[in-house]
Structure formats: structure tokens, C-alpha cells
file entry27.txt (compact mmCIF, C-alpha atoms)
# COMPACT_ATOMS: atom_id res chain seq x y z
CA MET T 1 49.16 81.00 117.08
CA SER T 2 50.98 84.27 116.41
CA ASP T 3 54.24 84.92 118.22
CA GLU T 4 52.83 87.55 120.61
CA VAL T 5 49.76 86.72 122.70
CA ASN T 6 48.67 89.51 125.06
CA GLY T 7 51.91 91.24 124.10
CA VAL T 8 53.96 88.31 125.44
CA PRO T 9 56.47 86.95 122.87
CA CYS T 10 55.67 83.24 123.20
CA ASP T 11 58.56 82.00 121.04
CA LYS T 12 60.96 83.94 123.26
CA LEU T 13 59.25 82.65 126.42
CA PHE T 14 59.39 79.01 125.35
CA GLY T 15 62.91 79.55 124.01
CA ALA T 16 64.05 80.86 127.41
CA ILE T 17 62.47 77.90 129.19
CA ALA T 18 64.26 75.49 126.82
CA LYS T 19 67.59 77.30 127.30
CA VAL T 20 67.54 77.23 131.13
CA ARG T 21 66.36 73.61 131.10
CA ASP T 22 69.39 72.66 128.99
CA ASP T 23 71.89 74.83 130.83
CA ALA T 24 71.38 75.84 134.48
CA GLU T 25 74.08 78.51 134.12
CA MET T 26 71.74 80.44 131.79
CA ALA T 27 69.20 80.58 134.63
CA GLN T 28 71.49 82.45 137.02
CA PHE T 29 70.29 86.05 137.20
CA ARG T 30 71.53 88.94 139.32
CA PHE T 31 69.58 92.11 139.92
CA SER T 32 70.96 95.18 141.61
CA ALA T 33 70.23 98.76 142.60
CA HIS T 34 72.28 101.72 143.73
CA ASN T 35 70.79 104.06 146.32
CA GLU T 36 71.77 107.56 147.48
CA TRP T 37 70.33 109.32 150.51
CA VAL T 38 68.67 112.63 149.50
CA GLU T 39 67.54 114.32 152.75
CA GLY T 40 65.66 113.30 155.85
CA THR T 41 63.88 110.00 155.22
CA ALA T 42 64.25 110.30 151.43
CA SER T 43 66.58 108.41 149.12
CA ARG T 44 66.74 107.60 145.43
CA SER T 45 67.64 104.32 143.74
CA THR T 46 69.00 103.81 140.26
CA ILE T 47 68.38 100.53 138.46
CA HIS T 48 70.25 99.86 135.23
CA GLU T 49 72.56 96.83 134.88
CA TRP T 50 71.43 93.24 135.27
CA TYR T 51 73.00 89.87 134.64
CA GLY T 52 71.22 86.88 133.12
CA MET T 53 71.08 84.37 130.25
CA GLY T 54 74.85 84.12 130.52
CA GLY T 55 75.75 87.80 130.16
CA GLU T 56 75.68 91.38 131.39
CA HIS T 57 72.84 93.62 130.14
CA THR T 58 71.35 97.02 130.77
CA HIS T 59 67.72 98.11 130.89
CA VAL T 60 66.42 100.36 128.06
CA GLU T 61 67.04 103.30 130.37
CA ARG T 62 68.54 104.16 133.75
CA PHE T 63 65.40 103.82 135.89
CA SER T 64 65.33 105.98 139.01
CA PHE T 65 62.86 106.01 141.91
CA ALA T 66 62.70 107.95 145.16
CA ALA T 67 61.15 106.83 148.41
CA ASP T 68 60.25 108.87 151.46
CA HIS T 69 58.11 108.88 154.60
CA PRO T 70 54.62 110.41 154.39
CA THR T 71 54.71 112.39 157.65
CA LEU T 72 58.40 112.73 158.55
CA GLY T 73 59.55 113.23 154.94
CA HIS T 74 59.50 115.94 152.30
CA GLY T 75 57.24 114.31 149.70
CA HIS T 76 59.92 112.80 147.46
CA GLY T 77 58.03 109.54 146.98
CA PRO T 78 55.87 106.89 148.56
CA THR T 79 57.20 104.67 151.34
CA PRO T 80 59.53 101.72 150.75
CA GLN T 81 56.73 99.42 151.97
CA GLU T 82 54.45 100.66 149.20
CA PHE T 83 57.12 99.82 146.62
CA VAL T 84 57.01 96.24 147.94
CA LEU T 85 53.25 96.19 147.33
CA HIS T 86 53.76 97.51 143.81
CA ALA T 87 56.39 94.82 143.21
CA LEU T 88 54.06 92.09 144.47
CA VAL T 89 51.07 92.90 142.27
CA ALA T 90 53.25 93.70 139.23
CA CYS T 91 54.97 90.31 139.60
CA VAL T 92 51.74 88.32 139.92
CA THR T 93 50.20 90.28 137.02
CA ALA T 94 53.18 89.43 134.77
CA GLY T 95 52.68 85.78 135.71
CA ILE T 96 48.99 85.95 134.80
CA ALA T 97 49.86 87.53 131.44
CA THR T 98 52.55 84.99 130.57
CA GLY T 99 50.39 82.10 131.82
CA ALA T 100 47.49 83.27 129.66
CA ALA T 101 49.81 83.71 126.65
CA ALA T 102 51.23 80.20 127.10
CA ARG T 103 47.63 78.85 127.02
CA ASN T 104 46.67 81.15 124.11
CA ILE T 105 44.01 82.86 126.25
CA THR T 106 43.32 86.49 125.30
CA LEU T 107 43.33 88.87 128.26
CA HIS T 108 41.23 92.04 128.20
CA LYS T 109 41.96 93.40 131.66
CA VAL T 110 43.93 92.50 134.76
CA SER T 111 43.70 94.87 137.69
CA SER T 112 44.44 94.46 141.35
CA ARG T 113 44.22 96.23 144.65
CA VAL T 114 46.65 95.39 147.43
CA SER T 115 46.38 96.52 151.06
CA ALA T 116 48.77 95.75 153.87
CA ASP T 117 48.59 96.41 157.58
CA ILE T 118 51.53 97.46 159.68
CA ASP T 119 51.71 98.32 163.37
CA VAL T 120 54.39 101.04 163.46
CA ARG T 121 55.17 100.42 167.13
CA GLY T 122 57.62 97.86 165.68
CA VAL T 123 59.64 100.17 163.44
CA LEU T 124 59.50 102.99 166.01
CA GLY T 125 61.04 100.72 168.65
CA VAL T 126 58.11 101.20 171.04
CA ASP T 127 57.32 97.50 171.51
CA PRO T 128 59.87 94.75 170.73
CA ASP T 129 57.06 92.18 170.46
CA VAL T 130 55.48 93.95 167.49
CA ARG T 131 56.96 92.88 164.17
CA LYS T 132 58.45 95.58 161.94
CA GLY T 133 56.95 94.34 158.69
CA PHE T 134 53.40 93.81 157.47
CA SER T 135 51.10 91.80 159.72
CA ASN T 136 49.12 90.73 156.66
CA VAL T 137 48.77 91.52 152.98
CA ASP T 138 45.50 91.20 151.04
CA VAL T 139 45.29 91.31 147.26
CA GLU T 140 42.16 91.25 145.11
CA PHE T 141 42.49 90.60 141.39
CA GLU T 142 40.00 91.27 138.63
CA ILE T 143 40.59 89.33 135.41
CA ASP T 144 38.64 89.84 132.21
CA ALA T 145 39.70 87.22 129.66
CA ASP T 146 38.34 84.89 127.00
CA CYS T 147 38.05 81.94 129.35
CA ASP T 148 35.79 80.59 132.10
CA ASP T 149 36.05 81.32 135.83
CA GLU T 150 37.90 78.10 136.52
CA GLN T 151 40.60 79.06 134.02
CA LYS T 152 40.80 82.58 135.52
CA ASP T 153 41.31 81.02 138.96
CA ALA T 154 44.03 78.79 137.50
CA LEU T 155 45.76 81.79 135.88
CA LEU T 156 45.74 83.65 139.21
CA ALA T 157 46.97 80.61 141.15
CA GLY T 158 49.80 80.17 138.65
CA GLY T 159 50.63 83.88 138.80
CA ALA T 160 51.04 83.64 142.58
CA LYS T 161 52.79 80.24 142.59
CA TYR T 162 55.48 81.31 140.12
CA SER T 163 55.92 84.85 141.45
CA ALA T 164 59.39 85.72 142.71
CA VAL T 165 58.07 88.58 144.85
CA PHE T 166 55.28 86.47 146.37
CA ASP T 167 57.95 83.94 147.33
CA ILE T 168 60.24 86.65 148.73
CA MET T 169 57.42 87.88 150.95
CA ALA T 170 55.93 84.53 151.95
CA ASN T 171 59.25 82.86 152.76
CA PRO T 172 62.44 83.94 154.54
CA THR T 173 65.20 85.38 152.37
CA GLU T 174 68.82 85.73 153.46
CA VAL T 175 69.74 89.42 153.52
CA ASN T 176 73.36 90.33 154.33
CA ILE T 177 74.06 93.97 155.11
CA SER T 178 77.57 95.28 155.67
CA ARG T 179 79.39 98.59 155.77
CA VAL T 180 82.35 99.52 153.58
CA PRO T 181 84.50 102.66 153.96
CA ALA T 182 83.00 105.78 152.37
CA SER T 183 84.67 106.52 149.04
CA MET F 1 69.41 121.05 168.95
CA SER F 2 67.35 122.41 166.09
CA ASP F 3 64.12 120.69 165.09
CA GLU F 4 65.48 119.22 161.85
CA VAL F 5 68.67 117.13 161.93
CA ASN F 6 69.70 115.71 158.53
CA GLY F 7 66.33 116.92 157.30
CA VAL F 8 64.51 114.71 159.82
CA PRO F 9 61.98 116.66 161.94
CA CYS F 10 62.97 115.38 165.37
CA ASP F 11 60.06 116.97 167.27
CA LYS F 12 57.65 115.21 164.91
CA LEU F 13 59.57 111.92 165.21
CA PHE F 14 59.61 111.94 169.00
CA GLY F 15 56.00 113.18 169.00
CA ALA F 16 54.93 110.21 166.85
CA ILE F 17 56.76 107.80 169.16
CA ALA F 18 55.00 109.30 172.19
CA LYS F 19 51.59 109.13 170.48
CA VAL F 20 51.82 105.46 169.49
CA ARG F 21 53.19 104.56 172.91
CA ASP F 22 50.13 106.15 174.53
CA ASP F 23 47.58 104.84 172.05
CA ALA F 24 48.22 101.64 170.05
CA GLU F 25 45.35 102.56 167.70
CA MET F 26 47.48 105.45 166.40
CA ALA F 27 50.13 102.91 165.37
CA GLN F 28 47.85 100.98 163.00
CA PHE F 29 48.86 101.88 159.45
CA ARG F 30 47.54 100.55 156.15
CA PHE F 31 49.34 100.97 152.84
CA SER F 32 47.86 100.10 149.49
CA ALA F 33 48.43 100.16 145.75
CA HIS F 34 46.26 99.76 142.68
CA ASN F 35 47.72 98.00 139.65
CA GLU F 36 46.60 97.78 136.03
CA TRP F 37 48.06 95.44 133.43
CA VAL F 38 49.50 97.41 130.48
CA GLU F 39 50.67 94.82 127.90
CA GLY F 40 52.71 91.66 127.94
CA THR F 41 54.66 91.46 131.19
CA ALA F 42 54.12 95.17 131.97
CA SER F 43 51.80 96.74 134.53
CA ARG F 44 51.53 100.05 136.33
CA SER F 45 50.74 100.74 139.99
CA THR F 46 49.25 103.86 141.48
CA ILE F 47 49.98 104.72 145.11
CA HIS F 48 48.03 107.53 146.75
CA GLU F 49 45.88 106.91 149.83
CA TRP F 50 47.23 105.63 153.11
CA TYR F 51 45.83 105.22 156.62
CA GLY F 52 47.69 105.96 159.82
CA MET F 53 47.85 108.04 163.01
CA GLY F 54 44.10 107.49 163.34
CA GLY F 55 43.00 108.82 159.94
CA GLU F 56 42.93 108.62 156.16
CA HIS F 57 45.56 110.59 154.24
CA THR F 58 46.90 110.99 150.73
CA HIS F 59 50.45 111.38 149.50
CA VAL F 60 51.49 114.76 148.06
CA GLU F 61 50.81 113.31 144.62
CA ARG F 62 49.42 110.20 142.94
CA PHE F 63 52.67 108.25 142.53
CA SER F 64 52.76 105.86 139.59
CA PHE F 65 55.34 103.23 138.64
CA ALA F 66 55.52 100.63 135.89
CA ALA F 67 57.29 97.29 136.01
CA ASP F 68 58.18 94.97 133.17
CA HIS F 69 60.46 92.10 132.20
CA PRO F 70 63.85 92.91 130.63
CA THR F 71 63.77 90.31 127.83
CA LEU F 72 60.10 89.32 127.41
CA GLY F 73 58.78 92.86 127.98
CA HIS F 74 58.58 96.14 126.12
CA GLY F 75 60.80 98.33 128.31
CA HIS F 76 58.11 99.92 130.48
CA GLY F 77 60.17 99.61 133.65
CA PRO F 78 62.56 97.47 135.67
CA THR F 79 61.47 94.13 137.10
CA PRO F 80 59.28 93.75 140.20
CA GLN F 81 62.25 92.11 141.94
CA GLU F 82 64.36 95.24 141.43
CA PHE F 83 61.63 97.33 143.06
CA VAL F 84 61.99 95.10 146.12
CA LEU F 85 65.72 95.87 146.18
CA HIS F 86 64.98 99.60 145.91
CA ALA F 87 62.49 99.28 148.78
CA LEU F 88 65.03 97.46 150.94
CA VAL F 89 67.86 99.97 150.64
CA ALA F 90 65.52 102.97 150.81
CA CYS F 91 64.01 101.60 154.03
CA VAL F 92 67.35 100.93 155.72
CA THR F 93 68.64 104.33 154.57
CA ALA F 94 65.64 106.09 156.14
CA GLY F 95 66.38 104.23 159.36
CA ILE F 96 70.01 105.35 159.30
CA ALA F 97 68.92 108.97 158.74
CA THR F 98 66.33 108.95 161.55
CA GLY F 99 68.70 107.08 163.87
CA ALA F 100 71.44 109.65 163.23
CA ALA F 101 68.96 112.52 163.73
CA ALA F 102 67.77 111.05 167.04
CA ARG F 103 71.43 110.95 168.20
CA ASN F 104 72.14 114.41 166.76
CA ILE F 105 74.76 112.97 164.40
CA THR F 106 75.20 114.93 161.17
CA LEU F 107 75.18 112.75 158.05
CA HIS F 108 77.09 113.79 154.93
CA LYS F 109 76.44 110.80 152.70
CA VAL F 110 74.68 107.47 152.79
CA SER F 111 74.90 105.32 149.70
CA SER F 112 74.34 101.65 149.11
CA ARG F 113 74.61 98.97 146.48
CA VAL F 114 72.35 95.94 146.64
CA SER F 115 72.71 92.78 144.55
CA ALA F 116 70.49 89.74 144.62
CA ASP F 117 70.78 86.36 142.95
CA ILE F 118 67.88 84.48 141.49
CA ASP F 119 67.80 81.15 139.64
CA VAL F 120 64.98 81.66 137.15
CA ARG F 121 64.39 77.93 136.75
CA GLY F 122 62.04 78.47 139.72
CA VAL F 123 59.79 81.15 138.20
CA LEU F 124 59.89 79.47 134.78
CA GLY F 125 58.59 76.21 136.29
CA VAL F 126 61.57 74.22 135.04
CA ASP F 127 62.59 72.81 138.43
CA PRO F 128 60.17 72.65 141.39
CA ASP F 129 63.10 72.35 143.81
CA VAL F 130 64.46 75.79 142.86
CA ARG F 131 62.91 78.61 144.88
CA LYS F 132 61.17 81.38 142.97
CA GLY F 133 62.59 84.26 145.01
CA PHE F 134 66.12 85.49 145.68
CA SER F 135 68.62 82.90 146.90
CA ASN F 136 70.52 85.67 148.69
CA VAL F 137 70.69 89.44 148.92
CA ASP F 138 73.88 91.40 149.63
CA VAL F 139 73.93 95.06 150.56
CA GLU F 140 76.95 97.29 151.07
CA PHE F 141 76.50 100.67 152.72
CA GLU F 142 78.83 103.65 152.74
CA ILE F 143 78.22 106.17 155.52
CA ASP F 144 79.99 109.50 155.83
CA ALA F 145 78.95 111.16 159.09
CA ASP F 146 80.33 113.16 162.00
CA CYS F 147 80.88 110.10 164.19
CA ASP F 148 83.33 107.23 164.62
CA ASP F 149 83.19 103.83 162.89
CA GLU F 150 81.56 102.18 165.88
CA GLN F 151 78.70 104.69 165.75
CA LYS F 152 78.38 104.20 161.98
CA ASP F 153 78.10 100.45 162.53
CA ALA F 154 75.46 101.08 165.19
CA LEU F 155 73.50 103.37 162.83
CA LEU F 156 73.56 100.68 160.14
CA ALA F 157 72.60 97.92 162.58
CA GLY F 158 69.69 100.02 163.82
CA GLY F 159 68.65 100.85 160.26
CA ALA F 160 68.42 97.14 159.46
CA LYS F 161 66.88 96.10 162.78
CA TYR F 162 64.03 98.61 162.56
CA SER F 163 63.44 98.28 158.81
CA ALA F 164 59.99 97.10 157.79
CA VAL F 165 61.23 95.91 154.38
CA PHE F 166 64.20 94.04 155.87
CA ASP F 167 61.71 92.28 158.16
CA ILE F 168 59.32 91.54 155.27
CA MET F 169 62.18 89.90 153.34
CA ALA F 170 63.90 88.11 156.22
CA ASN F 171 60.71 86.69 157.74
CA PRO F 172 57.54 85.09 156.35
CA THR F 173 54.61 87.42 155.69
CA GLU F 174 51.03 86.26 155.21
CA VAL F 175 49.91 87.16 151.68
CA ASN F 176 46.28 86.44 150.74
CA ILE F 177 45.41 86.63 147.05
CA SER F 178 41.86 86.25 145.80
CA ARG F 179 39.85 86.94 142.66
CA VAL F 180 36.76 89.13 142.50
CA PRO F 181 34.45 89.50 139.49
CA ALA F 182 35.70 91.99 136.87
CA SER F 183 33.82 95.26 137.14

call {"tool": "encode", "arguments": {"input": "entry27.txt", "output": "C-alpha cells"}}
result
Amino acid sequence: MSDEVNGVPCDKLFGAIAKVRDDAEMAQFRFSAHNEWVEGTASRSTIHEWYGMGGEHTHVERFSFAADHPTLGHGHGPTPQEFVLHALVACVTAGIATGAAARNITLHKVSSRVSADIDVRGVLGVDPDVRKGFSNVDVEFEIDADCDDEQKDALLAGGAKYSAVFDIMANPTEVNISRVPAS
Amino acid sequence: MSDEVNGVPCDKLFGAIAKVRDDAEMAQFRFSAHNEWVEGTASRSTIHEWYGMGGEHTHVERFSFAADHPTLGHGHGPTPQEFVLHALVACVTAGIATGAAARNITLHKVSSRVSADIDVRGVLGVDPDVRKGFSNVDVEFEIDADCDDEQKDALLAGGAKYSAVFDIMANPTEVNISRVPAS
């Protein structure tokens, strides 16, 4: 078994699992983003530093993404809600790829389509009984891999079960928002 | 009062509110994304079509974003979790901007910093009692606007209260994931 399977460095993956099993402090990660309002409904986030495996790190570059509103905005980007959908399928896909690598299963293709419904009477304050977020989210995955259907189903189930973003969406997360004086 | 305040087209905003109040069908939106695995832990989503206000639409361009893992990946993008943080602050910021526009308050600056903790023993399957998602999310906003602190606090509170992404994170969302045959 070579080190990389499906482009996943298995030695590194199993090494990370061993490290966080031995030392819970190594498992404490912190992600962050900095956002600046641009105009109207548009803003731009920068993502660079992260903490994990016992130290401070930076991504290979300073990633930057804008978001906007499709009708009230000026076309700077898709909506924040669509970024959540991107995050969800990207997270589950990474889990499928690492799960397949751990089992030495060669992947040829993983693609997915996610759709989510939202009744905007919630966010527009028209009806307090309508929730602001998605009423439901549906994802369909296609997996082409050197394994049978049962193993593909197991890869997908594992991808969802161990997905941080799936968990963030399916379960409540504590979000604290506060204001500090403008600098 | 001019049509645009802070770059938010107020006539359009109030028009949309009136439309969805009159006809709930106009309030039914659907967002979607298509994702393709790239290599290892990396994948790329495309975001283009959306449904709302009674019809099919497309964004001004076919937006495309990659996500990856910072240590196991190949540097294609930030993590899916960081995209969720971007979505959160972008969504609340848009709410602050529209809320200020609706009250005819001029904004000069809105910036935010979001940090989220995650114990990766959950996603790595090391400890089933550790949740996969964020243990907590902290956001600090700076608002510079032509209003007093009380109004700034009200703008921020409204931005959070009417944020779809805040709601998606703070409350459980139904996520259905299934597999279809590879095409």
C-alpha cells in the first residue's frame, strides 16, 4: 500500500489519529475568518490562520471569498446559504475520500448535487412562525470506485457520520455574537 | 430618502417584502450546488442556478469554490468548516446592512472576526463522545455608523435574529443524503 491512496496521505492520516488519541490537546483546533462589508448586501471574508496539532499555522495562501444577495445585491458572489451547501458537500466528499483511502479503495469519481429549500418570509420578518434557515436539505451523491454498492453505501454513510459540517447543520451549535467598539 | 441606502435598494427590498406577504409562493426559494471531488481531501463546488420569487434564475456568473484539508490536503482551498464561518458572518453582515438601510442609517464600516473551536477527535473517530462539529462559535462585530450605540446593538441583534445561516447553525436542520448510480 503506497502512502497516498486517492491523493490522501495515509501515513499522515493514521499518524494524526494516533497523535490525537495519545494527546487530546493535539486535537483542539480553532478556525477563524475575518469579514469586511463591501456595499449593500455584499461582504468579503479572508481565511488564513488556523490553530491545530498544538500550534499556529497558516493556509498556503490568504483565501478570500465574497458573498452577496442575488436580487438585492450587486453580483459580488453567491449567497451565504449557498456557501453552507458548498461546505456540506465538500466536507462529506473529503470523508468519502479519506474513508476510501483508509480501506485502500480506489475512487474514480465522487460528485454530488445539493438542494435546499428556504421560505424567505422568515428572514424578511413577514411571518415569525417561519424559520429563517433551510426547511430541508437534500443531497445526492454519485460514487464511482473499485468496490461494490454495499461498500459505496458504507463510504457515504461514513462520510456523513464523520462530517463536521453535517453535524453543525443537523445539531444545534452555540453561536455567540457580540459588538466591540469600532477601531 | 433615495432608493439606495448603503448600497441596498430599499424600493426593491420593501417590494420583495410586500410580494411575499401577499403570496407565500413567491417566498419559496431553492438554493443548490454541484460538487466534484478533485483529489485527496479536495473538491470543488459550482453555484449557478437558484429558484425564487416564482421563477428560475441564474447568478451573474458560475461561481466556483474549492475546499481542502490544511494538513492532509494539497492546498486547493480552506476547510469546509471555514466556509461555514464565512457564510455566518456574511449573512449577519447583510442583515446589518439591510436593517440599517431600512432605518435610513448610513453605515461606514462593518467588520467581524469569527473563531470556532473543534475537537477533531470527533471527525477522526477517536472518541464517539466528542461531537464532530464546532463546540462553540464566537463572533465580534465592529460597526461604524451614523447612529448611537443602542441603535448599533439593535442592528446587530436584528442581523443575527434574521440570519438564515445563524438559524441553520443554532438549530437542527434536516439533511437527507442518498446515493444514486454513477452516470

call {"tool": "closest_residue", "arguments": {"input": "entry27.txt", "among": "F:Asp167, F:Glu56, F:Glu25, F:Asp148", "to": "T:Lys132", "atoms": "all atoms listed in the file"}}
result
F:Asp167

call {"tool": "closest_residue", "arguments": {"input": "entry27.txt", "among": "F:Pro172, F:Pro181, F:Gly122, F:Gly95", "to": "F:Ala154", "atoms": "all atoms listed in the file"}}
result
F:Gly95

call {"tool": "residues_around", "arguments": {"input": "entry27.txt", "residues": "T:Thr106", "least_positions_apart": "5", "cutoff": "7 Å", "atoms": "only C-alpha atoms", "output": "list in words"}}
result
Val5, Asn6, Ala100, Ala145 and Asp146 of chain T

call {"tool": "closest_residue", "arguments": {"input": "entry27.txt", "among": "F:His74, F:Arg131, F:His34, F:His108", "to": "chain T", "atoms": "all atoms listed in the file"}}
result
F:His34

call {"tool": "residues_around", "arguments": {"input": "entry27.txt", "residues": "stretch 27-29 of chain T", "least_positions_apart": "3", "cutoff": "12 Å", "atoms": "all atoms listed in the file", "output": "VMD selection string"}}
result
(chain T and resid 16 to 24 32 49 to 57) or (chain F and resid 70 79 81 to 82 115 to 127 130 132 to 136)

call {"tool": "closest_residue", "arguments": {"input": "entry27.txt", "among": "F:Thr41, F:Thr58, F:Asn35, F:Thr93", "to": "F:His76", "atoms": "all atoms listed in the file"}}
result
F:Thr41

call {"tool": "atom_distance", "arguments": {"input": "entry27.txt", "atom1": "atom CA of F:Val60", "atom2": "atom CA of F:Arg30"}}
result
16.8 Å

call {"tool": "residues_near_point", "arguments": {"input": "entry27.txt", "point": "(46.8, 89.1, 150.6)", "cutoff": "6 Å", "atoms": "all atoms listed in the file", "output": "VMD selection string"}}
result
(chain T and resid 137 to 139) or (chain F and resid 175 to 177)

call {"tool": "closest_residue", "arguments": {"input": "entry27.txt", "among": "F:Asp129, F:Val38, F:Ala87, F:Asp3", "to": "F:Ala164", "atoms": "all atoms listed in the file"}}
result
F:Ala87

call {"tool": "atom_distance", "arguments": {"input": "entry27.txt", "atom1": "atom CA of T:Asn104", "atom2": "atom CA of F:Ser45"}}
result
25.5 Å

call {"tool": "atom_distance", "arguments": {"input": "entry27.txt", "atom1": "atom CA of T:His86", "atom2": "atom CA of F:Phe31"}}
result
10.6 Å

call {"tool": "closest_residue", "arguments": {"input": "entry27.txt", "among": "F:Arg113, F:His69, F:Lys152, F:His48", "to": "chain T", "atoms": "all atoms listed in the file"}}
result
F:Arg113

call {"tool": "residues_around", "arguments": {"input": "entry27.txt", "residues": "T:Ile47", "least_positions_apart": "2", "cutoff": "6 Å", "atoms": "all atoms listed in the file", "output": "PyMOL selection string"}}
result
chain T and resi 33+62-63

call {"tool": "build_atoms", "arguments": {"input": "entry27.txt", "residues": "stretch 151-173 of chain F", "atoms": "N, CA and C atoms", "output": "PDB file, keeping the file's coordinate frame"}}
result
ATOM      1  N   GLN F 151      80.026 104.066 165.817  1.00  0.00           N
ATOM      2  CA  GLN F 151      78.700 104.690 165.750  1.00  0.00           C
ATOM      3  C   GLN F 151      78.059 104.474 164.370  1.00  0.00           C
ATOM      4  N   LYS F 152      78.908 104.487 163.329  1.00  0.00           N
ATOM      5  CA  LYS F 152      78.380 104.200 161.980  1.00  0.00           C
ATOM      6  C   LYS F 152      77.830 102.772 161.914  1.00  0.00           C
ATOM      7  N   ASP F 153      78.578 101.843 162.513  1.00  0.00           N
ATOM      8  CA  ASP F 153      78.100 100.450 162.530  1.00  0.00           C
ATOM      9  C   ASP F 153      76.779 100.347 163.298  1.00  0.00           C
ATOM     10  N   ALA F 154      76.685 101.115 164.392  1.00  0.00           N
ATOM     11  CA  ALA F 154      75.460 101.080 165.190  1.00  0.00           C
ATOM     12  C   ALA F 154      74.287 101.692 164.417  1.00  0.00           C
ATOM     13  N   LEU F 155      74.561 102.758 163.657  1.00  0.00           N
ATOM     14  CA  LEU F 155      73.500 103.370 162.830  1.00  0.00           C
ATOM     15  C   LEU F 155      73.002 102.362 161.797  1.00  0.00           C
ATOM     16  N   LEU F 156      73.944 101.653 161.169  1.00  0.00           N
ATOM     17  CA  LEU F 156      73.560 100.680 160.140  1.00  0.00           C
ATOM     18  C   LEU F 156      72.793  99.513 160.766  1.00  0.00           C
ATOM     19  N   ALA F 157      73.284  99.031 161.909  1.00  0.00           N
ATOM     20  CA  ALA F 157      72.600  97.920 162.580  1.00  0.00           C
ATOM     21  C   ALA F 157      71.182  98.313 162.969  1.00  0.00           C
ATOM     22  N   GLY F 158      71.025  99.530 163.458  1.00  0.00           N
ATOM     23  CA  GLY F 158      69.690 100.020 163.820  1.00  0.00           C
ATOM     24  C   GLY F 158      68.800 100.187 162.599  1.00  0.00           C
ATOM     25  N   GLY F 159      69.402 100.682 161.507  1.00  0.00           N
ATOM     26  CA  GLY F 159      68.650 100.850 160.260  1.00  0.00           C
ATOM     27  C   GLY F 159      68.085  99.530 159.771  1.00  0.00           C
ATOM     28  N   ALA F 160      68.885  98.472 159.883  1.00  0.00           N
ATOM     29  CA  ALA F 160      68.420  97.140 159.460  1.00  0.00           C
ATOM     30  C   ALA F 160      67.414  96.572 160.446  1.00  0.00           C
ATOM     31  N   LYS F 161      67.725  96.700 161.736  1.00  0.00           N
ATOM     32  CA  LYS F 161      66.880  96.100 162.780  1.00  0.00           C
ATOM     33  C   LYS F 161      65.463  96.667 162.756  1.00  0.00           C
ATOM     34  N   TYR F 162      65.348  97.967 162.509  1.00  0.00           N
ATOM     35  CA  TYR F 162      64.030  98.610 162.560  1.00  0.00           C
ATOM     36  C   TYR F 162      63.445  98.844 161.162  1.00  0.00           C
ATOM     37  N   SER F 163      63.957  98.128 160.169  1.00  0.00           N
ATOM     38  CA  SER F 163      63.440  98.280 158.810  1.00  0.00           C
ATOM     39  C   SER F 163      62.271  97.337 158.556  1.00  0.00           C
ATOM     40  N   ALA F 164      61.161  97.915 158.136  1.00  0.00           N
ATOM     41  CA  ALA F 164      59.990  97.100 157.790  1.00  0.00           C
ATOM     42  C   ALA F 164      60.296  96.188 156.615  1.00  0.00           C
ATOM     43  N   VAL F 165      60.984  96.708 155.588  1.00  0.00           N
ATOM     44  CA  VAL F 165      61.230  95.910 154.380  1.00  0.00           C
ATOM     45  C   VAL F 165      62.239  94.795 154.664  1.00  0.00           C
ATOM     46  N   PHE F 166      63.262  95.092 155.473  1.00  0.00           N
ATOM     47  CA  PHE F 166      64.200  94.040 155.870  1.00  0.00           C
ATOM     48  C   PHE F 166      63.427  92.905 156.534  1.00  0.00           C
ATOM     49  N   ASP F 167      62.516  93.271 157.435  1.00  0.00           N
ATOM     50  CA  ASP F 167      61.710  92.280 158.160  1.00  0.00           C
ATOM     51  C   ASP F 167      60.818  91.487 157.202  1.00  0.00           C
ATOM     52  N   ILE F 168      60.206  92.190 156.244  1.00  0.00           N
ATOM     53  CA  ILE F 168      59.320  91.540 155.270  1.00  0.00           C
ATOM     54  C   ILE F 168      60.107  90.501 154.445  1.00  0.00           C
ATOM     55  N   MET F 169      61.366  90.822 154.130  1.00  0.00           N
ATOM     56  CA  MET F 169      62.180  89.900 153.340  1.00  0.00           C
ATOM     57  C   MET F 169      62.743  88.765 154.201  1.00  0.00           C
ATOM     58  N   ALA F 170      63.205  89.107 155.393  1.00  0.00           N
ATOM     59  CA  ALA F 170      63.900  88.110 156.220  1.00  0.00           C
ATOM     60  C   ALA F 170      62.940  87.121 156.870  1.00  0.00           C
ATOM     61  N   ASN F 171      61.679  87.535 157.038  1.00  0.00           N
ATOM     62  CA  ASN F 171      60.710  86.690 157.740  1.00  0.00           C
ATOM     63  C   ASN F 171      59.449  86.473 156.901  1.00  0.00           C
ATOM     64  N   PRO F 172      58.743  85.364 157.145  1.00  0.00           N
ATOM     65  CA  PRO F 172      57.540  85.090 156.350  1.00  0.00           C
ATOM     66  C   PRO F 172      56.425  86.094 156.633  1.00  0.00           C
ATOM     67  N   THR F 173      55.754  86.510 155.575  1.00  0.00           N
ATOM     68  CA  THR F 173      54.610  87.420 155.690  1.00  0.00           C
ATOM     69  C   THR F 173      53.399  86.742 155.058  1.00  0.00           C
TER      70      THR F 173
END
